[in-house]
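One structure is given here, and the rest of the page talks about it.
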Amino acid sequence: GGLAAFCNPSSLSPVPRTLATPERRISRAPVILLPMLEELRLSLNPVRDDGALALERAIGRGHFPKLMKLALDPEIGDAVVDALKKALPLDAEIEQMPGGLEVRDVELVRSQAGVSRYRAAVALCKYG
């Protein structure tokens, strides 16, 4: 399980094929399917508009069929966030971490309060 399974997908049980499963293709570029992923937190990561648009295309192709919660960095532009909202199911959540925060401050609050980075950032904006 865990990271070893992610790095060696053949050790996982095969996922049943559905209509949302992309067709197999012959290519040198790997295709990563995360059929069980429900939440993806990319805030405080160097993913910007280009990376978020690549994620939007992958979601649109059915690579993340159960993704219902997505946390993004404040650097992601509004147009890209709108594209992601259209690609995700209607009841999916997208949250963007507030901008202008020091990573070390967010990590300090996160570690001491035992909350997510997003919640720590919101608390810093509200009470900091």
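As shown in the structure tokens, the chain order sets the letters A, B, ...; within each chain, residues go from 1, and ligands are also counted from 1 in the order they appear.
Within the 7 Å cut-off around Glu38 in chain A, using only C-alpha atoms and omitting residues fewer than 3 positions from it on the same chain, the listed residues are A:Lys66, A:Leu67, A:Met68, A:Lys69.
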Go ahead and write the residues just picked, C-alpha atoms, as a compact mmCIF listing (two decimals), in the first residue's frame.
# COMPACT_ATOMS: atom_id res chain seq x y z
CA LYS A 66 -14.10 10.66 -7.33
CA LEU A 67 -12.33 14.00 -6.75
CA MET A 68 -14.70 16.14 -4.67
CA LYS A 69 -12.40 18.57 -2.85
Which residues are close to Val106 in chain A, i.e. within 12 Å by only C-alpha atoms, leaving aside same-chain residues fewer than 6 positions away? Reply as a VMD selection string. chain A and resid 43 to 44 97 to 100 112 to 125 128
Can those selected residues be exported to a file as a PDB file, in the first residue's frame so that it contains N, CA, C and O atoms?
ATOM      1  N   SER A  43      -2.390  23.585  -2.219  1.00  0.00           N
ATOM      2  CA  SER A  43      -2.019  24.883  -1.668  1.00  0.00           C
ATOM      3  C   SER A  43      -0.616  24.796  -1.075  1.00  0.00           C
ATOM      4  O   SER A  43      -0.198  23.755  -0.583  1.00  0.00           O
ATOM      5  N   LEU A  44       0.114  25.899  -1.173  1.00  0.00           N
ATOM      6  CA  LEU A  44       1.514  25.997  -0.743  1.00  0.00           C
ATOM      7  C   LEU A  44       2.428  25.075  -1.539  1.00  0.00           C
ATOM      8  O   LEU A  44       3.466  24.652  -1.066  1.00  0.00           O
ATOM      9  N   MET A  97      -6.305  29.050  -0.762  1.00  0.00           N
ATOM     10  CA  MET A  97      -5.687  29.601   0.425  1.00  0.00           C
ATOM     11  C   MET A  97      -5.522  31.113   0.247  1.00  0.00           C
ATOM     12  O   MET A  97      -5.179  31.562  -0.839  1.00  0.00           O
ATOM     13  N   PRO A  98      -5.772  31.882   1.290  1.00  0.00           N
ATOM     14  CA  PRO A  98      -5.563  33.327   1.183  1.00  0.00           C
ATOM     15  C   PRO A  98      -4.114  33.656   0.856  1.00  0.00           C
ATOM     16  O   PRO A  98      -3.197  32.948   1.262  1.00  0.00           O
ATOM     17  N   GLY A  99      -3.886  34.721   0.123  1.00  0.00           N
ATOM     18  CA  GLY A  99      -2.537  35.129  -0.270  1.00  0.00           C
ATOM     19  C   GLY A  99      -1.852  35.999   0.771  1.00  0.00           C
ATOM     20  O   GLY A  99      -2.454  36.432   1.747  1.00  0.00           O
ATOM     21  N   GLY A 100      -0.567  36.258   0.551  1.00  0.00           N
ATOM     22  CA  GLY A 100       0.194  37.176   1.397  1.00  0.00           C
ATOM     23  C   GLY A 100       0.615  36.616   2.741  1.00  0.00           C
ATOM     24  O   GLY A 100       0.909  37.378   3.654  1.00  0.00           O
ATOM     25  N   GLN A 112       0.623  23.464  15.569  1.00  0.00           N
ATOM     26  CA  GLN A 112       0.177  23.650  16.950  1.00  0.00           C
ATOM     27  C   GLN A 112      -1.326  23.439  17.119  1.00  0.00           C
ATOM     28  O   GLN A 112      -1.772  22.950  18.144  1.00  0.00           O
ATOM     29  N   ALA A 113      -2.102  23.789  16.114  1.00  0.00           N
ATOM     30  CA  ALA A 113      -3.553  23.662  16.231  1.00  0.00           C
ATOM     31  C   ALA A 113      -4.062  22.327  15.683  1.00  0.00           C
ATOM     32  O   ALA A 113      -5.217  21.964  15.908  1.00  0.00           O
ATOM     33  N   GLY A 114      -3.221  21.623  14.931  1.00  0.00           N
ATOM     34  CA  GLY A 114      -3.637  20.341  14.363  1.00  0.00           C
ATOM     35  C   GLY A 114      -4.708  20.482  13.292  1.00  0.00           C
ATOM     36  O   GLY A 114      -5.611  19.674  13.205  1.00  0.00           O
ATOM     37  N   VAL A 115      -4.597  21.543  12.481  1.00  0.00           N
ATOM     38  CA  VAL A 115      -5.570  21.784  11.414  1.00  0.00           C
ATOM     39  C   VAL A 115      -4.863  21.761  10.066  1.00  0.00           C
ATOM     40  O   VAL A 115      -3.644  21.729   9.993  1.00  0.00           O
ATOM     41  N   SER A 116      -5.641  21.797   8.983  1.00  0.00           N
ATOM     42  CA  SER A 116      -5.069  21.810   7.641  1.00  0.00           C
ATOM     43  C   SER A 116      -4.371  23.142   7.372  1.00  0.00           C
ATOM     44  O   SER A 116      -4.593  24.134   8.072  1.00  0.00           O
ATOM     45  N   ARG A 117      -3.531  23.163   6.350  1.00  0.00           N
ATOM     46  CA  ARG A 117      -2.853  24.410   5.970  1.00  0.00           C
ATOM     47  C   ARG A 117      -3.870  25.498   5.617  1.00  0.00           C
ATOM     48  O   ARG A 117      -3.707  26.649   5.957  1.00  0.00           O
ATOM     49  N   TYR A 118      -4.923  25.082   4.917  1.00  0.00           N
ATOM     50  CA  TYR A 118      -5.955  26.049   4.528  1.00  0.00           C
ATOM     51  C   TYR A 118      -6.598  26.673   5.767  1.00  0.00           C
ATOM     52  O   TYR A 118      -6.733  27.891   5.865  1.00  0.00           O
ATOM     53  N   ARG A 119      -6.986  25.856   6.727  1.00  0.00           N
ATOM     54  CA  ARG A 119      -7.624  26.376   7.939  1.00  0.00           C
ATOM     55  C   ARG A 119      -6.646  27.250   8.732  1.00  0.00           C
ATOM     56  O   ARG A 119      -7.046  28.258   9.308  1.00  0.00           O
ATOM     57  N   ALA A 120      -5.379  26.856   8.766  1.00  0.00           N
ATOM     58  CA  ALA A 120      -4.375  27.681   9.436  1.00  0.00           C
ATOM     59  C   ALA A 120      -4.234  29.030   8.759  1.00  0.00           C
ATOM     60  O   ALA A 120      -4.143  30.067   9.422  1.00  0.00           O
ATOM     61  N   ALA A 121      -4.233  29.058   7.438  1.00  0.00           N
ATOM     62  CA  ALA A 121      -4.112  30.312   6.697  1.00  0.00           C
ATOM     63  C   ALA A 121      -5.323  31.207   6.922  1.00  0.00           C
ATOM     64  O   ALA A 121      -5.199  32.410   7.118  1.00  0.00           O
ATOM     65  N   VAL A 122      -6.508  30.607   6.937  1.00  0.00           N
ATOM     66  CA  VAL A 122      -7.719  31.387   7.196  1.00  0.00           C
ATOM     67  C   VAL A 122      -7.672  31.976   8.596  1.00  0.00           C
ATOM     68  O   VAL A 122      -8.000  33.151   8.804  1.00  0.00           O
ATOM     69  N   ALA A 123      -7.237  31.200   9.567  1.00  0.00           N
ATOM     70  CA  ALA A 123      -7.132  31.698  10.941  1.00  0.00           C
ATOM     71  C   ALA A 123      -6.127  32.843  11.031  1.00  0.00           C
ATOM     72  O   ALA A 123      -6.387  33.839  11.715  1.00  0.00           O
ATOM     73  N   LEU A 124      -5.008  32.719  10.330  1.00  0.00           N
ATOM     74  CA  LEU A 124      -4.021  33.801  10.348  1.00  0.00           C
ATOM     75  C   LEU A 124      -4.593  35.083   9.733  1.00  0.00           C
ATOM     76  O   LEU A 124      -4.339  36.174  10.225  1.00  0.00           O
ATOM     77  N   CYS A 125      -5.357  34.942   8.681  1.00  0.00           N
ATOM     78  CA  CYS A 125      -5.963  36.121   8.038  1.00  0.00           C
ATOM     79  C   CYS A 125      -7.009  36.751   8.941  1.00  0.00           C
ATOM     80  O   CYS A 125      -7.119  37.974   9.024  1.00  0.00           O
ATOM     81  N   GLY A 128      -4.826  36.963  12.780  1.00  0.00           N
ATOM     82  CA  GLY A 128      -3.388  37.247  12.833  1.00  0.00           C
ATOM     83  C   GLY A 128      -3.069  38.659  12.712  1.00  0.00           C
ATOM     84  O   GLY A 128      -2.132  39.243  13.031  1.00  0.00           O
TER      85      GLY A 128
END
Report, in Å to a single decimal, how far apart CA of Ala79 in chain A and CA of Glu93 in chain A are. 16.2 Å
Which polymer residues have any atom within 10 Å of an atom of Arg57 in chain A, counting only C-alpha atoms, with same-chain residues fewer than 5 positions away left out, as a ChimeraX atom specification? /A:51-52,62-63,83-84,87
Output C-alpha atoms of each residue in that selection to a file, as a tab-separated table (two decimals), in the first residue's frame.
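What ended up in again.tsv:
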chain	number	residue	atom	x	y	z
A	51	GLY	CA	-0.15	22.95	-13.80
A	52	ALA	CA	-3.73	23.65	-12.72
A	62	GLY	CA	-11.86	11.05	-16.19
A	63	HIS	CA	-8.51	10.52	-14.47
A	83	ALA	CA	-12.21	25.98	-15.65
A	84	LEU	CA	-11.54	23.58	-12.76
A	87	ALA	CA	-14.46	20.08	-14.93
Restricting the calculation to only C-alpha atoms: of A:Val103, A:Leu88, A:Tyr127, A:Ile94, which residue gets closest to Pro65 in chain A?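 Ranked by minimum distance to Pro65 in chain A, first place goes to A:Leu88.
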Atom pair CA of Leu101 in chain A / CA of Glu56 in chain A: separation (Å):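 Going from CA of Leu101 in chain A over to CA of Glu56 in chain A, I get 25.9 Å.
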Could you check which of A:Arg41, A:Arg104, A:Arg61, A:Lys86 is closest to Asp73 in chain A, using only C-alpha atoms?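 The shortest atom-to-atom distance to Asp73 in chain A comes from A:Arg41.
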What is the distance, in Å and to one decimal place, between CA of Asn45 in chain A and CA of Gly77 in chain A?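 Computed distance, CA of Asn45 in chain A to CA of Gly77 in chain A, equals 14.7 Å.
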